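Reproduced below: my_file_38.txt, with compact mmCIF, C-alpha atoms.
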# COMPACT_ATOMS: atom_id res chain seq x y z
CA MET A 1 91.38 -17.32 25.23
CA HIS A 2 91.30 -14.31 27.50
CA HIS A 3 89.62 -11.87 25.19
CA GLU A 4 86.67 -9.70 26.11
CA PHE A 5 83.12 -10.75 25.51
CA PHE A 6 80.65 -8.02 24.68
CA VAL A 7 77.86 -9.64 26.67
CA SER A 8 80.01 -10.11 29.74
CA THR A 9 81.32 -6.52 29.60
CA ILE A 10 77.79 -5.10 29.30
CA PHE A 11 76.49 -7.37 32.05
CA ASN A 12 79.27 -6.36 34.40
CA ARG A 13 79.10 -2.66 33.63
CA TYR A 14 75.36 -2.19 33.95
CA ILE A 15 74.27 -4.86 36.42
CA VAL A 16 77.07 -6.27 38.56
CA ASN A 17 79.19 -3.18 39.16
CA PRO A 18 76.24 -0.99 40.27
CA ILE A 19 75.18 -3.73 42.69
CA ALA A 20 78.73 -3.90 44.03
CA GLY A 21 78.68 -0.11 44.28
CA LEU A 22 75.72 -0.33 46.63
CA PHE A 23 77.94 -2.24 49.04
CA GLY A 24 80.72 0.31 48.78
CA TYR A 25 82.95 -1.62 46.41
CA HIS A 26 84.10 0.32 43.34
CA PRO A 27 86.46 -1.77 41.21
CA HIS A 28 87.95 -0.54 37.95
CA HIS A 29 87.54 -3.88 36.24
CA ASP A 30 84.78 -6.41 35.57
CA ILE A 31 83.92 -8.30 38.73
CA LEU A 32 82.53 -11.47 37.21
CA PRO A 33 84.63 -13.40 34.70
CA ALA A 34 83.03 -14.27 31.37
CA HIS A 35 82.14 -17.86 32.17
CA VAL A 36 80.24 -16.87 35.32
CA VAL A 37 78.24 -14.37 33.31
CA MET A 38 77.43 -17.10 30.80
CA VAL A 39 76.34 -19.42 33.63
CA ILE A 40 74.03 -16.70 34.94
CA LEU A 41 72.61 -16.16 31.46
CA ILE A 42 71.94 -19.89 31.06
CA PHE A 43 70.38 -20.02 34.50
CA LEU A 44 68.05 -17.14 33.69
CA GLY A 45 67.25 -18.51 30.26
CA LEU A 46 66.47 -22.02 31.50
CA THR A 47 64.33 -20.68 34.36
CA LEU A 48 62.29 -18.46 32.05
CA PHE A 49 62.02 -21.33 29.56
CA SER A 50 60.74 -23.68 32.28
CA PHE A 51 58.07 -21.20 33.37
CA PHE A 52 57.10 -20.66 29.75
CA VAL A 53 56.80 -24.40 29.13
CA ARG A 54 54.96 -25.01 32.37
CA SER A 55 52.31 -22.48 31.53
CA ARG A 56 51.65 -24.23 28.24
CA LEU A 57 51.58 -27.88 29.36
CA SER A 58 48.42 -29.69 28.40
CA VAL A 59 47.30 -33.29 28.55
CA ASP A 60 44.80 -33.08 25.71
CA LYS A 61 46.80 -31.18 23.10
CA PRO A 62 50.54 -31.53 23.67
CA GLY A 63 52.49 -29.27 21.34
CA GLY A 64 55.69 -30.11 19.56
CA LEU A 65 57.85 -28.56 22.27
CA GLN A 66 56.12 -30.53 25.01
CA GLN A 67 56.47 -33.77 23.08
CA THR A 68 60.18 -33.17 22.50
CA LEU A 69 60.75 -32.45 26.18
CA GLU A 70 58.70 -35.49 27.18
CA LEU A 71 60.77 -37.63 24.85
CA ILE A 72 64.00 -36.43 26.52
CA SER A 73 62.54 -36.80 30.02
CA ASN A 74 61.25 -40.29 29.35
CA GLY A 75 64.60 -41.26 27.88
CA ILE A 76 66.44 -40.06 30.98
CA LEU A 77 63.91 -41.74 33.28
CA GLY A 78 64.13 -45.07 31.46
CA LEU A 79 67.90 -44.99 31.36
CA THR A 80 68.07 -44.14 35.06
CA GLU A 81 65.82 -47.05 35.91
CA ASP A 82 68.01 -49.39 33.85
CA MET A 83 71.23 -48.17 35.43
CA THR A 84 70.27 -47.75 39.08
CA GLY A 85 67.39 -50.17 39.54
CA VAL A 86 65.48 -47.89 41.91
CA ASP A 87 62.69 -45.37 41.36
CA PRO A 88 64.20 -43.01 38.78
CA ARG A 89 62.00 -40.06 39.76
CA ARG A 90 64.12 -39.71 42.87
CA PHE A 91 67.19 -38.73 40.85
CA PHE A 92 65.43 -36.99 38.00
CA PRO A 93 65.68 -33.40 39.33
CA LEU A 94 69.46 -33.64 39.46
CA LEU A 95 69.95 -35.56 36.24
CA GLY A 96 67.51 -33.56 34.15
CA ALA A 97 68.87 -30.25 35.39
CA LEU A 98 72.43 -31.37 34.71
CA PHE A 99 71.55 -32.53 31.21
CA PHE A 100 69.82 -29.35 30.12
CA TYR A 101 72.34 -27.11 31.83
CA ILE A 102 75.34 -28.85 30.25
CA LEU A 103 73.64 -29.03 26.86
CA CYS A 104 72.85 -25.30 26.88
CA GLY A 105 76.32 -24.52 28.17
CA ASN A 106 77.97 -26.50 25.40
CA LEU A 107 75.77 -25.12 22.68
CA LEU A 108 76.14 -21.51 23.82
CA GLY A 109 79.75 -21.53 22.67
CA LEU A 110 78.66 -22.06 19.07
CA PHE A 111 76.93 -18.67 18.97
CA PRO A 112 79.16 -15.75 18.02
CA GLY A 113 79.82 -13.41 20.91
CA PHE A 114 79.28 -16.03 23.59
CA MET A 115 81.52 -18.63 25.17
CA SER A 116 80.79 -22.04 26.64
CA PRO A 117 80.93 -21.85 30.43
CA THR A 118 81.91 -25.52 30.27
CA SER A 119 85.16 -24.57 28.52
CA ASN A 120 86.37 -23.39 31.91
CA LEU A 121 87.48 -26.00 34.41
CA ASN A 122 85.81 -24.19 37.32
CA ALA A 123 82.35 -24.52 35.81
CA THR A 124 82.69 -28.24 35.12
CA ALA A 125 84.42 -29.00 38.42
CA SER A 126 81.54 -27.41 40.33
CA MET A 127 79.11 -29.88 38.77
CA ALA A 128 81.45 -32.85 39.19
CA ILE A 129 82.06 -32.11 42.88
CA MET A 130 78.35 -31.73 43.45
CA VAL A 131 77.75 -35.12 41.81
CA PHE A 132 80.51 -36.64 43.96
CA PHE A 133 78.97 -35.44 47.21
CA TYR A 134 75.47 -36.33 46.09
CA TYR A 135 76.17 -39.94 45.20
CA ASN A 136 78.11 -40.48 48.39
CA TYR A 137 75.21 -39.00 50.33
CA VAL A 138 72.79 -41.31 48.53
CA GLY A 139 75.05 -44.28 49.25
CA PHE A 140 75.31 -43.45 52.93
CA LYS A 141 71.57 -42.95 53.15
CA ALA A 142 70.70 -46.18 51.35
CA ASN A 143 73.22 -48.48 53.05
CA GLY A 144 74.11 -46.90 56.35
CA PHE A 145 77.59 -45.77 57.24
CA VAL A 146 79.14 -49.15 58.07
CA LYS A 147 77.76 -51.03 55.08
CA TYR A 148 78.71 -48.30 52.65
CA MET A 149 82.22 -48.22 54.05
CA ALA A 150 82.35 -52.02 53.91
CA HIS A 151 81.64 -52.09 50.20
CA PHE A 152 84.83 -50.10 49.66
CA ALA A 153 86.72 -52.98 51.22
CA GLY A 154 85.69 -55.56 48.65
CA PRO A 155 84.39 -59.09 49.12
CA SER A 156 87.37 -60.72 50.80
CA LEU A 157 88.78 -59.79 54.17
CA LEU A 158 92.26 -60.81 53.08
CA ILE A 159 92.76 -58.06 50.53
CA ALA A 160 90.51 -55.56 52.29
CA PRO A 161 93.27 -53.11 53.32
CA LEU A 162 94.58 -52.96 49.77
CA MET A 163 91.13 -52.71 48.20
CA PHE A 164 90.05 -49.98 50.57
CA VAL A 165 92.91 -47.68 49.57
CA ILE A 166 92.45 -48.40 45.87
CA GLU A 167 88.70 -47.81 46.03
CA ILE A 168 89.11 -44.54 47.90
CA ILE A 169 91.58 -43.30 45.31
CA SER A 170 89.39 -44.40 42.43
CA HIS A 171 86.39 -42.68 43.96
CA CYS A 172 88.38 -39.48 44.42
CA ALA A 173 89.43 -39.66 40.76
CA ARG A 174 85.80 -39.65 39.64
CA PRO A 175 85.05 -35.93 40.00
CA PHE A 176 88.41 -35.20 38.39
CA SER A 177 87.68 -37.40 35.38
CA LEU A 178 84.12 -36.06 35.05
CA SER A 179 85.22 -32.44 35.06
CA VAL A 180 88.30 -32.85 32.88
CA ARG A 181 86.38 -34.87 30.27
CA LEU A 182 83.77 -32.18 29.77
CA PHE A 183 86.24 -29.32 30.01
CA GLY A 184 88.74 -30.90 27.62
CA ASN A 185 86.17 -31.67 24.96
CA ILE A 186 84.57 -28.26 24.91
CA TYR A 187 87.79 -26.32 25.32
CA ALA A 188 89.52 -28.25 22.54
CA GLU A 189 86.57 -27.67 20.27
CA GLU A 190 86.59 -23.92 20.96
CA LEU A 191 90.34 -23.81 20.46
CA ILE A 192 90.06 -25.52 17.08
CA ILE A 193 87.24 -23.24 15.94
CA GLY A 194 89.17 -20.20 17.13
CA SER A 195 92.39 -21.14 15.41
CA LEU A 196 90.59 -22.05 12.19
CA ASN A 197 88.78 -18.73 12.28
CA SER A 198 92.03 -16.86 12.74
CA MET A 199 93.64 -18.71 9.82
CA PHE A 200 90.83 -18.77 7.27
CA PRO A 201 87.57 -16.95 6.56
CA PHE A 202 84.80 -18.04 8.83
CA LEU A 203 83.05 -20.61 6.64
CA ILE A 204 85.98 -23.03 6.94
CA ALA A 205 85.20 -23.64 10.61
CA LEU A 206 81.65 -24.67 9.82
CA PRO A 207 82.27 -28.48 9.65
CA VAL A 208 84.07 -28.31 12.97
CA MET A 209 81.09 -26.50 14.43
CA ALA A 210 78.82 -29.25 13.10
CA ILE A 211 81.00 -31.81 14.88
CA GLY A 212 80.82 -29.58 17.94
CA LEU A 213 77.03 -29.70 17.79
CA PHE A 214 77.22 -33.48 17.90
CA ALA A 215 79.91 -33.61 20.59
CA SER A 216 78.01 -31.16 22.82
CA THR A 217 75.01 -33.45 22.96
CA ILE A 218 77.16 -36.54 23.45
CA GLN A 219 79.10 -34.93 26.30
CA ALA A 220 75.93 -33.85 28.11
CA PHE A 221 74.63 -37.40 27.68
CA ILE A 222 77.89 -38.96 28.89
CA PHE A 223 77.96 -36.74 31.95
CA ILE A 224 74.54 -37.83 33.16
CA VAL A 225 75.15 -41.47 32.21
CA LEU A 226 78.26 -41.52 34.37
CA THR A 227 76.32 -39.85 37.15
CA MET A 228 73.76 -42.64 36.84
CA VAL A 229 76.50 -45.28 36.96
CA TYR A 230 77.91 -43.74 40.14
CA LEU A 231 74.47 -43.47 41.70
CA GLY A 232 73.75 -47.07 40.75
CA GLY A 233 77.02 -48.18 42.33
CA ALA A 234 76.14 -46.29 45.48
CA VAL A 235 72.63 -47.71 45.95
CA GLU A 236 72.96 -51.22 44.57
CA HIS A 237 74.47 -52.81 47.67
CA SER A 238 71.34 -52.40 49.73
CA ASP A 239 69.53 -54.93 47.55
CA HIS A 240 72.04 -57.76 47.61
CA ASP A 241 72.86 -58.29 51.23
CA MET B 1 105.41 -54.80 4.18
CA ILE B 2 104.06 -53.77 7.57
CA ARG B 3 107.49 -54.27 9.08
CA LYS B 4 108.99 -51.97 6.45
CA ILE B 5 106.40 -49.28 7.10
CA GLY B 6 106.95 -49.63 10.81
CA PHE B 7 110.69 -49.32 10.34
CA PHE B 8 110.28 -46.16 8.31
CA ALA B 9 107.84 -44.73 10.81
CA ILE B 10 110.24 -45.32 13.67
CA ALA B 11 113.14 -43.95 11.62
CA ILE B 12 111.20 -40.79 10.81
CA MET B 13 110.19 -40.42 14.44
CA ILE B 14 113.78 -40.77 15.64
CA LEU B 15 114.99 -38.42 12.92
CA SER B 16 112.44 -35.81 13.88
CA LEU B 17 113.39 -36.22 17.53
CA VAL B 18 117.05 -35.76 16.69
CA ALA B 19 116.45 -32.91 14.30
CA MET B 20 114.17 -31.00 16.59
CA PRO B 21 116.67 -29.47 19.03
CA VAL B 22 118.77 -28.39 16.05
CA TYR B 23 115.79 -26.69 14.51
CA ALA B 24 114.78 -25.17 17.81
CA GLN B 25 118.22 -23.82 18.53
CA GLY B 26 118.07 -21.85 15.33
CA GLU B 27 115.12 -19.86 16.61
CA GLY B 28 115.82 -19.77 20.29
CA THR B 29 116.26 -22.42 22.92
CA SER B 30 112.93 -21.83 24.67
CA ASN B 31 110.95 -23.45 21.85
CA ILE B 32 112.18 -27.00 22.56
CA GLU B 33 109.53 -27.77 25.12
CA ILE B 34 106.69 -26.73 22.85
CA HIS B 35 107.81 -29.33 20.32
CA TYR B 36 107.98 -32.03 22.96
CA LEU B 37 104.44 -31.15 23.98
CA ALA B 38 103.28 -31.36 20.38
CA ILE B 39 104.84 -34.83 20.07
CA ALA B 40 103.18 -35.90 23.31
CA MET B 41 99.82 -34.75 21.98
CA GLY B 42 100.46 -36.55 18.70
CA ILE B 43 101.24 -39.85 20.42
CA ALA B 44 98.17 -39.50 22.61
CA ALA B 45 95.98 -38.77 19.59
CA ALA B 46 97.42 -41.75 17.71
CA GLY B 47 96.78 -44.15 20.58
CA CYS B 48 93.34 -42.72 21.10
CA GLY B 49 92.57 -43.15 17.40
CA ILE B 50 93.68 -46.79 17.36
CA ALA B 51 91.71 -47.62 20.47
CA GLN B 52 88.58 -45.86 19.28
CA SER B 53 88.75 -47.55 15.89
CA ILE B 54 88.97 -50.97 17.56
CA ALA B 55 86.00 -50.12 19.76
CA VAL B 56 83.88 -48.87 16.87
CA ALA B 57 84.85 -51.79 14.64
CA ASN B 58 83.83 -54.33 17.25
CA GLY B 59 80.68 -52.40 17.97
CA CYS B 60 79.70 -52.44 14.30
CA GLN B 61 80.50 -56.12 14.08
CA GLY B 62 78.37 -56.91 17.08
CA ALA B 63 75.50 -54.82 15.76
CA SER B 64 75.60 -56.47 12.35
CA ARG B 65 75.68 -59.95 13.84
CA ASN B 66 72.89 -59.26 16.27
CA PRO B 67 70.77 -56.35 15.01
CA GLY B 68 68.40 -56.76 17.93
CA ALA B 69 71.04 -55.58 20.36
CA THR B 70 71.91 -52.44 18.41
CA ASP B 71 70.64 -49.99 21.04
CA THR B 72 72.59 -51.61 23.86
CA ILE B 73 75.72 -51.84 21.74
CA ARG B 74 75.45 -48.22 20.64
CA PHE B 75 75.12 -47.13 24.25
CA PHE B 76 78.19 -49.05 25.37
CA VAL B 77 80.24 -47.98 22.35
CA ILE B 78 79.52 -44.31 23.05
CA LEU B 79 80.32 -44.79 26.73
CA GLY B 80 83.56 -46.58 25.87
CA LEU B 81 84.52 -43.92 23.35
CA ALA B 82 84.10 -41.30 26.05
CA PHE B 83 86.39 -43.25 28.36
CA ILE B 84 89.03 -43.67 25.66
CA GLU B 85 88.78 -40.04 24.66
CA PHE B 86 89.45 -39.05 28.23
CA LEU B 87 93.02 -40.39 27.97
CA ALA B 88 93.79 -38.10 25.07
CA LEU B 89 92.09 -35.22 26.85
CA LEU B 90 94.23 -35.86 29.90
CA THR B 91 97.30 -35.41 27.74
CA PHE B 92 95.73 -32.30 26.25
CA VAL B 93 95.23 -30.81 29.71
CA VAL B 94 98.79 -31.68 30.71
CA VAL B 95 100.04 -30.04 27.52
CA LEU B 96 98.01 -26.94 28.28
CA MET B 97 99.35 -26.82 31.82
CA LEU B 98 103.00 -27.18 30.78
CA GLN B 99 102.70 -24.79 27.86
What does the file become when written as structure tokens?
Amino acid sequence: MHHEFFVSTIFNRYIVNPIAGLFGYHPHHDILPAHVVMVILIFLGLTLFSFFVRSRLSVDKPGGLQQTLELISNGILGLTEDMTGVDPRRFFPLLGALFFYILCGNLLGLFPGFMSPTSNLNATASMAIMVFFYYNYVGFKANGFVKYMAHFAGPSLLIAPLMFVIEIISHCARPFSLSVRLFGNIYAEELIIGSLNSMFPFLIALPVMAIGLFASTIQAFIFIVLTMVYLGGAVEHSDHD
Amino acid sequence: MIRKIGFFAIAIMILSLVAMPVYAQGEGTSNIEIHYLAIAMGIAAAGCGIAQSIAVANGCQGASRNPGATDTIRFFVILGLAFIEFLALLTFVVVLMLQ
């Protein structure tokens, strides 16, 4: 899947390469790979969309768009409260941004001429590593260093050395599993659509794209649910003891 | 009946395993590994399918016995399906890496 994307070529030729030329760097190839260009496009699109929505928010006459977004936001907030047990508005900036970013990233691959940035392991690993550091930070902040380290060791002092090693390994596997799950799903879907398109005329791949529509939403949902589970595991110990 | 089907399945699997290097040598020896990877992906997909079907079946059963808990059950089924799917995806990534 190393073919050229029209959007990425145009973006590099007319925006990125001139900027690099200002700093005295004149490469003969595209600087940014396709998935980074797609990430930038999503970033710009979501930012403009947020400003557009914010200018049209109203308490008296909420439009259809506002109601849809409120439905999603309330769903995420309620789920976060169920999973973590603390004030969900604290985590909402991260979780909401992740959800919309992953959803747009997954759905972008279904448009012709674009690719999903999430079908590249670098894009998903960046999010997973950020989640890893964030939930550890939240855990340290909520419990203090000693208590948070103690909950790695398990309840009994007898098996503490064993549990500590196992817990550390299992925590280090979390960003790996988060990133590979998202990457594998989206990449496999793109691979199937691509190979079907190369074998048959393009309408044959349509059912697979419908499944992809479903799987994109599910994967975005799963990503933030797992983030909630990790956050809940990090903060829950402050309540018990 | 099931034992017979299982016997035939295993026989076909062994036959295909035995026949594969022969087939591959006809084209060129470098193709052997690709076939091994395809078999690995097939086994992973089969296991993933069995596990997911058990999860969905029990989820449906629970939801039909206690319709009030449908939302909770749906949530956990989807979460569990994602975990199960990850095992097949892990194989997929390994296959991609070795390819």
Taking all atoms listed in the file into account, find every residue of chain A that has an atom no more than 7 Å from chain B, and write it out as a count of residues only. 3
List the neighbours of Pro117 of chain A out to 12 Å using all atoms listed in the file; skip same-chain residues closer than 5 positions along the sequence, and give me the result as a ChimeraX atom specification. /A:8,33-43,101-110,122-127,182-183,186-187,190
Put those residues in a file: C-alpha atoms, as a PDB file, in the coordinates of the input.
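The resulting file, part_36.pdb, is shown below:
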ATOM      1  CA  SER A   8      80.010 -10.110  29.740  1.00  0.00           C
ATOM      2  CA  PRO A  33      84.630 -13.400  34.700  1.00  0.00           C
ATOM      3  CA  ALA A  34      83.030 -14.270  31.370  1.00  0.00           C
ATOM      4  CA  HIS A  35      82.140 -17.860  32.170  1.00  0.00           C
ATOM      5  CA  VAL A  36      80.240 -16.870  35.320  1.00  0.00           C
ATOM      6  CA  VAL A  37      78.240 -14.370  33.310  1.00  0.00           C
ATOM      7  CA  MET A  38      77.430 -17.100  30.800  1.00  0.00           C
ATOM      8  CA  VAL A  39      76.340 -19.420  33.630  1.00  0.00           C
ATOM      9  CA  ILE A  40      74.030 -16.700  34.940  1.00  0.00           C
ATOM     10  CA  LEU A  41      72.610 -16.160  31.460  1.00  0.00           C
ATOM     11  CA  ILE A  42      71.940 -19.890  31.060  1.00  0.00           C
ATOM     12  CA  PHE A  43      70.380 -20.020  34.500  1.00  0.00           C
ATOM     13  CA  TYR A 101      72.340 -27.110  31.830  1.00  0.00           C
ATOM     14  CA  ILE A 102      75.340 -28.850  30.250  1.00  0.00           C
ATOM     15  CA  LEU A 103      73.640 -29.030  26.860  1.00  0.00           C
ATOM     16  CA  CYS A 104      72.850 -25.300  26.880  1.00  0.00           C
ATOM     17  CA  GLY A 105      76.320 -24.520  28.170  1.00  0.00           C
ATOM     18  CA  ASN A 106      77.970 -26.500  25.400  1.00  0.00           C
ATOM     19  CA  LEU A 107      75.770 -25.120  22.680  1.00  0.00           C
ATOM     20  CA  LEU A 108      76.140 -21.510  23.820  1.00  0.00           C
ATOM     21  CA  GLY A 109      79.750 -21.530  22.670  1.00  0.00           C
ATOM     22  CA  LEU A 110      78.660 -22.060  19.070  1.00  0.00           C
ATOM     23  CA  ASN A 122      85.810 -24.190  37.320  1.00  0.00           C
ATOM     24  CA  ALA A 123      82.350 -24.520  35.810  1.00  0.00           C
ATOM     25  CA  THR A 124      82.690 -28.240  35.120  1.00  0.00           C
ATOM     26  CA  ALA A 125      84.420 -29.000  38.420  1.00  0.00           C
ATOM     27  CA  SER A 126      81.540 -27.410  40.330  1.00  0.00           C
ATOM     28  CA  MET A 127      79.110 -29.880  38.770  1.00  0.00           C
ATOM     29  CA  LEU A 182      83.770 -32.180  29.770  1.00  0.00           C
ATOM     30  CA  PHE A 183      86.240 -29.320  30.010  1.00  0.00           C
ATOM     31  CA  ILE A 186      84.570 -28.260  24.910  1.00  0.00           C
ATOM     32  CA  TYR A 187      87.790 -26.320  25.320  1.00  0.00           C
ATOM     33  CA  GLU A 190      86.590 -23.920  20.960  1.00  0.00           C
TER      34      GLU A 190
END
Closest to Ile193 of chain A among A:Gly212, A:Asn74, A:Ser55, A:His151, using all atoms listed in the file?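 Selected residue with least distance to Ile193 of chain A: A:Gly212.
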With 5 Å of padding per side, what axis-aligned box (centre and edge lengths, Å, one decimal) covers all the listed atoms of segment 115-133 of chain A? Give it as AutoDock Vina command-line options.
--center_x 82.6 --center_y -27.6 --center_z 36.2 --size_x 19.7 --size_y 28.0 --size_z 32.0
Atom CA of Val146 of chain A and atom CA of Cys172 of chain A are how many Å apart?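 For atom CA of Val146 of chain A relative to atom CA of Cys172 of chain A, the distance reads 19.1 Å.
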Find the residues near Asp82 of chain A: any atom within 10 Å, counting all atoms listed in the file, skip ones fewer than 5 places away on the same chain, and give them as a compact mmCIF listing (two decimals) with C-alpha atoms, in the frame of the given file.
# COMPACT_ATOMS: atom_id res chain seq x y z
CA ILE A 76 66.44 -40.06 30.98
CA LEU A 77 63.91 -41.74 33.28
CA PRO A 88 64.20 -43.01 38.78
CA MET A 228 73.76 -42.64 36.84
CA VAL A 229 76.50 -45.28 36.96
CA GLY A 232 73.75 -47.07 40.75
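Nearest residue to Ser53 of chain B among B:Val77, B:Ala38, B:Ile5, B:Leu98 is B:Val77, counting all atoms listed in the file.
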Within 12 Å of (103.6, -27.7, 21.6), all atoms listed in the file: residues as a VMD selection string? chain B and resid 30 to 42 91 to 92 94 to 99
Would you list the residues near (54.1, -26.3, 24.3), meaning any protein, DNA or RNA residue with an atom at most 12 Å from that point in file coordinates, counting all atoms listed in the file, as a list of chain:residue names?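 The residues near that point, listed by chain and number, are A:Phe49, A:Ser50, A:Phe51, A:Phe52, A:Val53, A:Arg54, A:Ser55, A:Arg56, A:Leu57, A:Ser58, A:Val59, A:Asp60, A:Lys61, A:Pro62, A:Gly63, A:Gly64, A:Leu65, A:Gln66, A:Gln67, A:Thr68, A:Leu69, A:Glu70.
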Writing out the chosen residues with C-alpha atoms as a PDB file, keeping the file's coordinate frame:
ATOM      1  CA  PHE A  49      62.020 -21.330  29.560  1.00  0.00           C
ATOM      2  CA  SER A  50      60.740 -23.680  32.280  1.00  0.00           C
ATOM      3  CA  PHE A  51      58.070 -21.200  33.370  1.00  0.00           C
ATOM      4  CA  PHE A  52      57.100 -20.660  29.750  1.00  0.00           C
ATOM      5  CA  VAL A  53      56.800 -24.400  29.130  1.00  0.00           C
ATOM      6  CA  ARG A  54      54.960 -25.010  32.370  1.00  0.00           C
ATOM      7  CA  SER A  55      52.310 -22.480  31.530  1.00  0.00           C
ATOM      8  CA  ARG A  56      51.650 -24.230  28.240  1.00  0.00           C
ATOM      9  CA  LEU A  57      51.580 -27.880  29.360  1.00  0.00           C
ATOM     10  CA  SER A  58      48.420 -29.690  28.400  1.00  0.00           C
ATOM     11  CA  VAL A  59      47.300 -33.290  28.550  1.00  0.00           C
ATOM     12  CA  ASP A  60      44.800 -33.080  25.710  1.00  0.00           C
ATOM     13  CA  LYS A  61      46.800 -31.180  23.100  1.00  0.00           C
ATOM     14  CA  PRO A  62      50.540 -31.530  23.670  1.00  0.00           C
ATOM     15  CA  GLY A  63      52.490 -29.270  21.340  1.00  0.00           C
ATOM     16  CA  GLY A  64      55.690 -30.110  19.560  1.00  0.00           C
ATOM     17  CA  LEU A  65      57.850 -28.560  22.270  1.00  0.00           C
ATOM     18  CA  GLN A  66      56.120 -30.530  25.010  1.00  0.00           C
ATOM     19  CA  GLN A  67      56.470 -33.770  23.080  1.00  0.00           C
ATOM     20  CA  THR A  68      60.180 -33.170  22.500  1.00  0.00           C
ATOM     21  CA  LEU A  69      60.750 -32.450  26.180  1.00  0.00           C
ATOM     22  CA  GLU A  70      58.700 -35.490  27.180  1.00  0.00           C
TER      23      GLU A  70
END
So how many Å separate atom CA of Ile211 of chain A and atom CA of Leu226 of chain A, to one decimal? 21.9 Å
Hey, can you check how far atom CA of Gly75 of chain A sits from atom CA of Leu178 of chain A? 21.4 Å
Contacts of Pro18 of chain A at 12 Å (only C-alpha atoms; same-chain gap of 6+ positions) as a ChimeraX atom specification: /A:10-12,24-28,30-31
